[in-house]
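Worksheet: the structure to be examined is printed underneath.
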Amino acid sequence: MAERGIEKSGSNPGQSGGPSGAVLVVGAGVTGVQAAEDLANSGYYVYLLEKTAKVGGVTAELDKMFPTHDCFLCMVCPKQDTHGFVEVTRHPFIEFLPQADLQKLEGEPGNFQAQVQVGAQSQARNLKVGAVILAPGYEVFDPTICDVYHYADYPNVINSLEFERLLSGTGPTGGRLLRPSDGQEAKKIAWFQCVGSRDIHHGDNAYCSSICCMYALKEAMMAKELCPEPPETSIFFMDIRTFGKDFELYLHRAENLGVRLIRSRIHTIDPVENHNLSLKYIDDSGNTHVEVYDLVVLSVGMQITKATQELAHKLGVELNQHNFAKTSIFQPVKTNRPGIYVCGAFQNPLNIPESVTQASAAVAAVSADLNNVRGTLAQPKTYPPEREVSGEAPRVGVFIDSCGIEPSSLDLPALASYAKTLANVALAEIGEFLCKPGGPEKMKDIIQQNNLNRVVVAAGSVRNYREQYQDIVQSAGLNKYLLEMANIREQVAWVHKGEAAKATQKAKGLIRMAVADANLRQPISEAEVPVTRTGLVVGGGIGGLNAALSLAQQGFPVTLVEKSGELGGIARRLYSTIEGDDVQAYLQDLIAQVQAHPQIEVLTNSEIVEFKGIKGDFTSKIKVAGDTRELRHGVAIVASGAEPYKPKEYLYGQNPAVLTQLELGERLAIIRKPADKGSCCSVIGVRSRRWWRTKAVG
């Protein structure tokens with residue numbers, strides 16, 4: 001764009017011959033945004049293409065995230081502006097293309113020509129890019145085709161995404177659980193699991209969507225926490241699948257809150273008076289029950305849109321039998337077409353943390369391909385000249401940001417009035433300065449128009465939002481260290497619900513301290529500190545091997561430390577994946593690549609004995625074969641792996657016929673024939689209440 005000094009008159013960066021330092025990211029949901037930010041922060045110019053007018057995708061409609069119950073909108077609000085995410089649309093290396101479609105992609109890795117239609121007027125654009133990342137996301141299953149649930153007929157049968165909007169303070173009911181039929185609060189709510197997943201009838205999908213059990217638990221808990229009179233909540237399920245960090249703990253939290261878990265599949269829903277819904281089901285013991293509910297929530301799965309399937313066909317990207325991108329089990333972000341990568345729900349049903357992690361993995365793969373053109377198109381963001389304020393008397397502006405703060409939890413006008421009484425406060429403003437379109441510009445204008453030379457922001461997490469507010473302060477021509485913050489959201493509003501008067505008093509104290517600090521602040525000049533451009537990877541299993549190889553392929557020297565005498569970790573004891581892929585062949589090839597790479601030093605029979613330093617400049621002492629050597633490095637990746645649980649149950653270690661699954665796999669691989677007779681006990685050592693209390697493993 002012209003204001004970035006990169007593009008004018010419809011041209012695009014990198015039109016000259018040779019590989020391009022630009023990357024096209026298709027899809028501006030949370031996964032595409034993560035990929036775009038990682039690429040831009042790594043020195044690549046990014047075209048972020050989105051078929052709608054805004055970023056965020058399906059996840060922008062969510063209220064809270066499992067298992068932490070973090071406010072999703074609050075997490076993305078500092079990234080939002082008119083189109084959605086401020087960090088994306090204001091980043092100097094990212095060009096956001098809303099209402100755009102990728103029409104054609106020609107060329108080869110490093111030198112693709114992308115034809116794009118942009119905007120309501122379908123303006124044609126030709127973009128030269130070195131790689132493409134596909135992150136088009138998903139759509140939720142349409143339960144209309146499941147006539148037994150009467151989704152289209154009964155107003156009080158809704159899908160899970162619609163329930164999310166009821167939970168949200170920005171939704172149609174302002175966060176109140178009101179029934180669509182009559183606007184009355186729901187007192188008894190049922191969730192039906194696996195609607196559109198794990199079923200081949202009625203056009204359903206055979207696969208598990210992986211997120212539905214967890215979001216149903218979340219919604220049931222949030223319903224109880226949100227309502228003054230907690231409703232009765234019941235989840236009807238086939239299996240509760242809680243495979244993830246702390247997910248099993250989350251399940252127990254739900255049970256402790258009184259969420260009922262009923263193993264049963266509801267066949268039909270019958271209407272009764274007042275638009276209530278009668279459910280008839282059989283429990284585990286074979287007993288028949290009939291219960292009446294106010295509201296039924298269909299936990300719908302995820303699926304790939306027809307538009308995405310058509311896009312894949314145009315690009316020559318293969319899909320699997322479920323219409324997800326077809327990828328290798330060992331290279332999950334690489335498609336069949338070189339130079340085109342995939343991440344997020346288009347690769348496989350994934351939750352939010354998994355999706356953003358995979359986005360970063362796709363970026364690492366792109367960076368390995370385009371390492372030689374990193375930074376060729378990226379130009380640093382510029383700010384106006386910094387105003388000299390050292391000789392001025394403090395003029396403090398207090399900005400109370402109401403993003404994510406319910407009006408009933410804090411008396412914001414009282415906070416503003418109080419702030420105006422504090423020393424050297426020139427003004428106090430209430431507004432949505434990060435999460436409202438135009439908010440950052442409004443705050444910048446207020447700073448400049450009122451000649452402020454100190455800024456206090458009373459808002460959310462200092463850790464999450466400090467950089468965004470510092471950016472506004474710098475854009476207004478002030479030194480960014482003239483900003484002070486007070487966290488009145490997480491530390492006050494959220495933890496003192498129902499105590500508005502006391503919470504307001506506490507918030508006044510935090511603002512008073514912030515203003516006192518701001519009065520004493522002076523501009524600080526930052527010094528550039530050299531970065532040690534080498535990496536340390538701890539652990540020589542599959543994770544560590546891939547991490548080391550990825551860093552090396554991106555041009556960084558790496559030291560790989562492994563405590564045992566050989567590389568491979570526990571993968572040395574694995575022979576085949578469920579899909580039939582040869583684990584040992586993959587592992588040996590990976591080890592060979594690592595050992596042969598000139599940028600990788602492998603240290604076996606070694607361990608870290610001391611670690612110190614700061615980001616960009618760490619020093620580690622490594623014990624190798626009895627000697628100790630010192631290593632300086634800029635980053636460290638810990639991939640130390642895990643070990644299988646050693647059972648104390650079921651006669652393990654006492655009877656030679658009792659094996660772990662890993663041991664059985666090894667024996668089968670050696671004899672290459674199945675055992676004549678045997679049985680399998682699953683989840684030994686996990687998911688039991690005793691284990692949960694002592695180990696906290698999900």
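Ligands are numbered from 1 in the order shown, residues from 1 within each chain, and chains are lettered A, B, ... in the order they appear in the structure tokens.
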For this session: Using DSSP on the backbone coordinates, identify the residues of stretch 117-285 of chain A assigned to strand (DSSP E or B); present them as an NGL selection string.
Result: :A and (117-118 or 123-129 or 131-134 or 139-140 or 157-159 or 178 or 185 or 188-195 or 232-237 or 260-263 or 269-271 or 277-282)
Report the closest atom pair, with its distance in Å rounded to one decimal, for each residue of stretch 81-187 of chain A that has an atom no farther than 12 Å from stretch 352-372 of chain A; count only C-alpha atoms, sort by chain and then rising residue number, and write it as CSV.
```
residue,atom,partner,partner_atom,distance
A:Glu108,CA,A:Asp369,CA,11.8
A:Pro109,CA,A:Asp369,CA,8.0
A:Gly110,CA,A:Leu370,CA,6.8
A:Asn111,CA,A:Leu370,CA,10.3
A:Val129,CA,A:Leu370,CA,10.3
A:Gly130,CA,A:Leu370,CA,7.0
A:Ala131,CA,A:Val366,CA,6.6
A:Val132,CA,A:Val366,CA,8.3
A:Ile133,CA,A:Ala362,CA,7.2
A:Leu134,CA,A:Ala362,CA,9.4
A:Ala135,CA,A:Ala359,CA,8.2
A:Pro136,CA,A:Ser355,CA,11.7
A:Gly137,CA,A:Ser355,CA,9.7
A:Tyr138,CA,A:Ser355,CA,11.9
```
Could you save the residues just selected, with N, CA, C and O atoms, as an mmCIF file, in the first residue's frame?
```
data_model
loop_
_atom_site.group_PDB
_atom_site.id
_atom_site.type_symbol
_atom_site.label_atom_id
_atom_site.label_comp_id
_atom_site.auth_asym_id
_atom_site.auth_seq_id
_atom_site.Cartn_x
_atom_site.Cartn_y
_atom_site.Cartn_z
ATOM 1 N N GLU A 108 5.752 -21.866 -9.778
ATOM 2 C CA GLU A 108 6.425 -22.883 -8.976
ATOM 3 C C GLU A 108 6.838 -22.286 -7.643
ATOM 4 O O GLU A 108 6.785 -21.058 -7.463
ATOM 5 N N PRO A 109 7.250 -23.131 -6.686
ATOM 6 C CA PRO A 109 7.653 -22.612 -5.379
ATOM 7 C C PRO A 109 8.706 -21.524 -5.497
ATOM 8 O O PRO A 109 9.681 -21.648 -6.227
ATOM 9 N N GLY A 110 8.471 -20.427 -4.787
ATOM 10 C CA GLY A 110 9.358 -19.278 -4.849
ATOM 11 C C GLY A 110 8.939 -18.254 -5.875
ATOM 12 O O GLY A 110 9.320 -17.091 -5.794
ATOM 13 N N ASN A 111 8.129 -18.684 -6.840
ATOM 14 C CA ASN A 111 7.778 -17.790 -7.951
ATOM 15 C C ASN A 111 6.388 -18.126 -8.477
ATOM 16 O O ASN A 111 6.229 -18.595 -9.606
ATOM 17 N N VAL A 129 4.080 -14.194 -5.459
ATOM 18 C CA VAL A 129 4.356 -14.693 -4.111
ATOM 19 C C VAL A 129 5.273 -15.903 -4.198
ATOM 20 O O VAL A 129 5.314 -16.611 -5.207
ATOM 21 N N GLY A 130 5.980 -16.127 -3.104
ATOM 22 C CA GLY A 130 6.890 -17.265 -3.076
ATOM 23 C C GLY A 130 6.254 -18.531 -2.550
ATOM 24 O O GLY A 130 6.743 -19.635 -2.810
ATOM 25 N N ALA A 131 5.163 -18.399 -1.793
ATOM 26 C CA ALA A 131 4.489 -19.560 -1.218
ATOM 27 C C ALA A 131 3.055 -19.189 -0.882
ATOM 28 O O ALA A 131 2.689 -18.003 -0.842
ATOM 29 N N VAL A 132 2.249 -20.207 -0.629
ATOM 30 C CA VAL A 132 0.841 -20.019 -0.279
ATOM 31 C C VAL A 132 0.532 -20.863 0.951
ATOM 32 O O VAL A 132 0.937 -22.034 1.032
ATOM 33 N N ILE A 133 -0.163 -20.265 1.908
ATOM 34 C CA ILE A 133 -0.669 -21.005 3.070
ATOM 35 C C ILE A 133 -2.186 -20.976 3.019
ATOM 36 O O ILE A 133 -2.798 -19.907 2.988
ATOM 37 N N LEU A 134 -2.792 -22.148 3.011
ATOM 38 C CA LEU A 134 -4.246 -22.265 2.973
ATOM 39 C C LEU A 134 -4.773 -22.445 4.393
ATOM 40 O O LEU A 134 -4.445 -23.426 5.066
ATOM 41 N N ALA A 135 -5.577 -21.486 4.842
ATOM 42 C CA ALA A 135 -6.200 -21.543 6.163
ATOM 43 C C ALA A 135 -7.654 -21.083 6.045
ATOM 44 O O ALA A 135 -8.087 -20.159 6.738
ATOM 45 N N PRO A 136 -8.434 -21.715 5.154
ATOM 46 C CA PRO A 136 -9.797 -21.229 4.897
ATOM 47 C C PRO A 136 -10.805 -21.594 5.977
ATOM 48 O O PRO A 136 -11.950 -21.159 5.921
ATOM 49 N N GLY A 137 -10.394 -22.402 6.956
ATOM 50 C CA GLY A 137 -11.291 -22.701 8.055
ATOM 51 C C GLY A 137 -12.365 -23.715 7.721
ATOM 52 O O GLY A 137 -12.181 -24.573 6.857
ATOM 53 N N TYR A 138 -13.500 -23.579 8.381
ATOM 54 C CA TYR A 138 -14.557 -24.585 8.275
ATOM 55 C C TYR A 138 -15.915 -23.922 8.436
ATOM 56 O O TYR A 138 -16.020 -22.731 8.728
#
```
Exercise. Neighbours of stretch 568-570 of chain A within 8 Å (only C-alpha atoms; same-chain residues fewer than 5 positions away dropped), as a ChimeraX atom specification?
Worked result: /A:540-542,545,587,591,641,643
A:Cys146 surroundings by only C-alpha atoms, 9 Å radius, close-in-sequence under 3 positions cut, as an mmCIF file with N, CA, C and O atoms, in the first residue's frame:
```cif
data_model
loop_
_atom_site.group_PDB
_atom_site.id
_atom_site.type_symbol
_atom_site.label_atom_id
_atom_site.label_comp_id
_atom_site.auth_asym_id
_atom_site.auth_seq_id
_atom_site.Cartn_x
_atom_site.Cartn_y
_atom_site.Cartn_z
ATOM 1 N N ASP A 142 -24.871 -28.328 9.185
ATOM 2 C CA ASP A 142 -26.247 -27.828 9.166
ATOM 3 C C ASP A 142 -27.188 -28.941 9.626
ATOM 4 O O ASP A 142 -27.398 -29.922 8.900
ATOM 5 N N PRO A 143 -27.753 -28.849 10.824
ATOM 6 C CA PRO A 143 -28.594 -29.939 11.329
ATOM 7 C C PRO A 143 -29.993 -29.986 10.718
ATOM 8 O O PRO A 143 -30.792 -30.851 11.095
ATOM 9 N N TYR A 149 -34.407 -34.143 14.676
ATOM 10 C CA TYR A 149 -34.134 -33.127 15.686
ATOM 11 C C TYR A 149 -35.002 -31.886 15.509
ATOM 12 O O TYR A 149 -35.045 -31.029 16.387
ATOM 13 N N HIS A 150 -35.664 -31.740 14.357
ATOM 14 C CA HIS A 150 -36.591 -30.630 14.103
ATOM 15 C C HIS A 150 -35.943 -29.261 14.331
ATOM 16 O O HIS A 150 -36.570 -28.340 14.864
ATOM 17 N N TYR A 151 -34.690 -29.147 13.918
ATOM 18 C CA TYR A 151 -33.972 -27.885 14.097
ATOM 19 C C TYR A 151 -34.686 -26.723 13.398
ATOM 20 O O TYR A 151 -34.736 -25.607 13.925
ATOM 21 N N VAL A 195 -23.724 -34.366 16.626
ATOM 22 C CA VAL A 195 -24.668 -34.020 15.566
ATOM 23 C C VAL A 195 -23.856 -33.580 14.346
ATOM 24 O O VAL A 195 -23.201 -32.540 14.360
ATOM 25 N N GLY A 196 -23.863 -34.404 13.328
ATOM 26 C CA GLY A 196 -23.059 -34.121 12.147
ATOM 27 C C GLY A 196 -21.669 -34.720 12.213
ATOM 28 O O GLY A 196 -20.832 -34.432 11.348
ATOM 29 N N HIS A 201 -25.331 -41.428 8.475
ATOM 30 C CA HIS A 201 -26.728 -41.297 8.078
ATOM 31 C C HIS A 201 -27.092 -39.833 7.882
ATOM 32 O O HIS A 201 -26.473 -38.932 8.426
ATOM 33 N N HIS A 202 -28.130 -39.575 7.118
ATOM 34 C CA HIS A 202 -28.661 -38.221 6.912
ATOM 35 C C HIS A 202 -27.599 -37.242 6.413
ATOM 36 O O HIS A 202 -27.637 -36.053 6.717
ATOM 37 N N GLY A 203 -26.607 -37.755 5.660
ATOM 38 C CA GLY A 203 -25.584 -36.858 5.142
ATOM 39 C C GLY A 203 -24.562 -36.434 6.166
ATOM 40 O O GLY A 203 -23.796 -35.504 5.945
ATOM 41 N N ASP A 204 -24.534 -37.106 7.332
ATOM 42 C CA ASP A 204 -23.584 -36.742 8.379
ATOM 43 C C ASP A 204 -22.177 -37.174 7.984
ATOM 44 O O ASP A 204 -21.962 -37.830 6.966
#
```
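Residue nearest A:Asn323 within the list A:Tyr44, A:Asp283, A:Tyr650, A:Tyr207: A:Tyr207 [criterion: smallest interatomic distance, only C-alpha atoms].
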With stretch 287-296 of chain A as the partner and 10 Å as the cut-off, tabulate the residues of stretch 226-274 of chain A that qualify, each row holding the nearest pair of atoms and their distance in Å to one decimal, using only C-alpha atoms, sorted by chain and rising number, as JSON lines.
```
{"residue": "A:Pro231", "atom": "CA", "partner": "A:Asp294", "partner_atom": "CA", "distance": 9.9}
{"residue": "A:Glu232", "atom": "CA", "partner": "A:Tyr293", "partner_atom": "CA", "distance": 9.2}
{"residue": "A:Thr233", "atom": "CA", "partner": "A:Tyr293", "partner_atom": "CA", "distance": 9.4}
{"residue": "A:Ser234", "atom": "CA", "partner": "A:Tyr293", "partner_atom": "CA", "distance": 9.6}
{"residue": "A:Ile235", "atom": "CA", "partner": "A:Val296", "partner_atom": "CA", "distance": 9.9}
{"residue": "A:Ile269", "atom": "CA", "partner": "A:Val296", "partner_atom": "CA", "distance": 9.1}
{"residue": "A:Asp270", "atom": "CA", "partner": "A:Val292", "partner_atom": "CA", "distance": 9.2}
{"residue": "A:Pro271", "atom": "CA", "partner": "A:Val292", "partner_atom": "CA", "distance": 9.2}
{"residue": "A:Val272", "atom": "CA", "partner": "A:Val292", "partner_atom": "CA", "distance": 8.2}
{"residue": "A:Asn274", "atom": "CA", "partner": "A:Asp294", "partner_atom": "CA", "distance": 8.9}
```
Convert the current residue selection to file output with all heavy atoms, as a short mmCIF file (atom, residue, chain, number, x, y, z; two decimals), in the first residue's frame.
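Here's the written file selection_6.cif:
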```cif
data_model
loop_
_atom_site.label_atom_id
_atom_site.label_comp_id
_atom_site.auth_asym_id
_atom_site.auth_seq_id
_atom_site.Cartn_x
_atom_site.Cartn_y
_atom_site.Cartn_z
N PRO A 231 -29.18 -22.91 35.63
CA PRO A 231 -30.11 -23.87 35.05
C PRO A 231 -29.61 -25.30 35.23
O PRO A 231 -28.42 -25.53 35.50
CB PRO A 231 -30.11 -23.49 33.56
CG PRO A 231 -28.75 -22.90 33.34
CD PRO A 231 -28.41 -22.18 34.61
N GLU A 232 -30.50 -26.25 35.09
CA GLU A 232 -30.10 -27.66 35.07
C GLU A 232 -29.55 -27.96 33.67
O GLU A 232 -30.17 -27.61 32.67
CB GLU A 232 -31.30 -28.55 35.37
CG GLU A 232 -30.97 -30.04 35.39
CD GLU A 232 -32.18 -30.90 35.70
OE1 GLU A 232 -33.12 -30.39 36.34
OE2 GLU A 232 -32.18 -32.07 35.28
N THR A 233 -28.40 -28.59 33.63
CA THR A 233 -27.75 -28.84 32.34
C THR A 233 -27.44 -30.32 32.20
O THR A 233 -26.90 -30.95 33.12
CB THR A 233 -26.44 -28.04 32.21
OG1 THR A 233 -25.57 -28.36 33.29
CG2 THR A 233 -26.71 -26.54 32.22
N SER A 234 -27.76 -30.87 31.04
CA SER A 234 -27.54 -32.29 30.77
C SER A 234 -26.90 -32.45 29.40
O SER A 234 -27.33 -31.82 28.43
CB SER A 234 -28.86 -33.07 30.81
OG SER A 234 -29.52 -32.90 32.04
N ILE A 235 -25.88 -33.30 29.33
CA ILE A 235 -25.21 -33.58 28.07
C ILE A 235 -25.43 -35.05 27.72
O ILE A 235 -25.01 -35.95 28.47
CB ILE A 235 -23.69 -33.28 28.15
CG1 ILE A 235 -23.47 -31.80 28.45
CG2 ILE A 235 -22.99 -33.68 26.86
CD1 ILE A 235 -22.01 -31.42 28.63
N ILE A 269 -37.25 -35.73 19.27
CA ILE A 269 -37.67 -34.65 20.18
C ILE A 269 -39.16 -34.41 19.94
O ILE A 269 -39.58 -34.21 18.80
CB ILE A 269 -36.89 -33.36 19.91
CG1 ILE A 269 -35.39 -33.59 20.05
CG2 ILE A 269 -37.35 -32.24 20.83
CD1 ILE A 269 -34.56 -32.39 19.66
N ASP A 270 -39.94 -34.44 21.00
CA ASP A 270 -41.37 -34.20 20.87
C ASP A 270 -41.75 -32.87 21.51
O ASP A 270 -41.34 -32.57 22.64
CB ASP A 270 -42.17 -35.32 21.55
CG ASP A 270 -41.96 -36.66 20.85
OD1 ASP A 270 -41.97 -36.67 19.61
OD2 ASP A 270 -41.79 -37.67 21.55
N PRO A 271 -42.56 -32.06 20.81
CA PRO A 271 -42.98 -30.78 21.38
C PRO A 271 -44.07 -30.98 22.42
O PRO A 271 -44.94 -31.86 22.28
CB PRO A 271 -43.51 -30.01 20.17
CG PRO A 271 -44.00 -31.10 19.24
CD PRO A 271 -43.09 -32.27 19.45
N VAL A 272 -44.02 -30.19 23.49
CA VAL A 272 -45.10 -30.18 24.48
C VAL A 272 -45.49 -28.73 24.70
O VAL A 272 -45.03 -27.84 23.99
CB VAL A 272 -44.64 -30.85 25.80
CG1 VAL A 272 -44.42 -32.35 25.59
CG2 VAL A 272 -43.37 -30.21 26.34
N ASN A 274 -46.11 -24.85 25.74
CA ASN A 274 -45.22 -23.70 25.94
C ASN A 274 -43.89 -23.84 25.21
O ASN A 274 -42.86 -23.32 25.65
CB ASN A 274 -44.96 -23.47 27.44
CG ASN A 274 -46.21 -23.15 28.21
OD1 ASN A 274 -47.11 -22.47 27.71
ND2 ASN A 274 -46.30 -23.65 29.44
#
```
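Counting only C-alpha atoms, the residue from A:Ile578, A:Ile94, A:Leu483, A:Val538 that sits nearest to A:Glu37 is A:Ile94.
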Problem set entry | Residues near A:Ala423, cut-off 10 Å, only C-alpha atoms, skip fewer than 3 positions along chain, as a PyMOL selection string | chain A and resi 394-396+419-420+426+512+515-516+519
Problem set entry | Which residue of A:Leu319, A:Leu350, A:Val300, A:Ala124 approaches A:Thr335 most closely, using only C-alpha atoms | A:Leu319
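For the residues A:Thr327, A:Thr68, A:Ser475, A:Ser408, ranking by smallest atom-to-atom distance to A:Arg387 using only C-alpha atoms places A:Ser475 first.
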For this session: Determine which residues of stretch 471-603 of chain A DSSP labels as helix (DSSP H, G or I) from the backbone of this structure, then write them out as a PyMOL selection string.
Result: chain A and resi 471-475+480-482+489-493+500-520+542-553+569-573+583-596
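Minimum atom-to-atom distances from A:Met214, A:Val638, A:Leu668, A:Ile304 to A:Asp246 were compared using only C-alpha atoms, and the lowest value belongs to A:Met214.
Between atom CA of A:Lys480 and atom CA of A:Pro380 lies a distance of 16.9 Å.
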Seminar exercise, completed: Restricting to only C-alpha atoms, whichever of A:Glu610, A:Val148, A:Thr376, A:Ala503 is closest to A:Leu279 is A:Val148
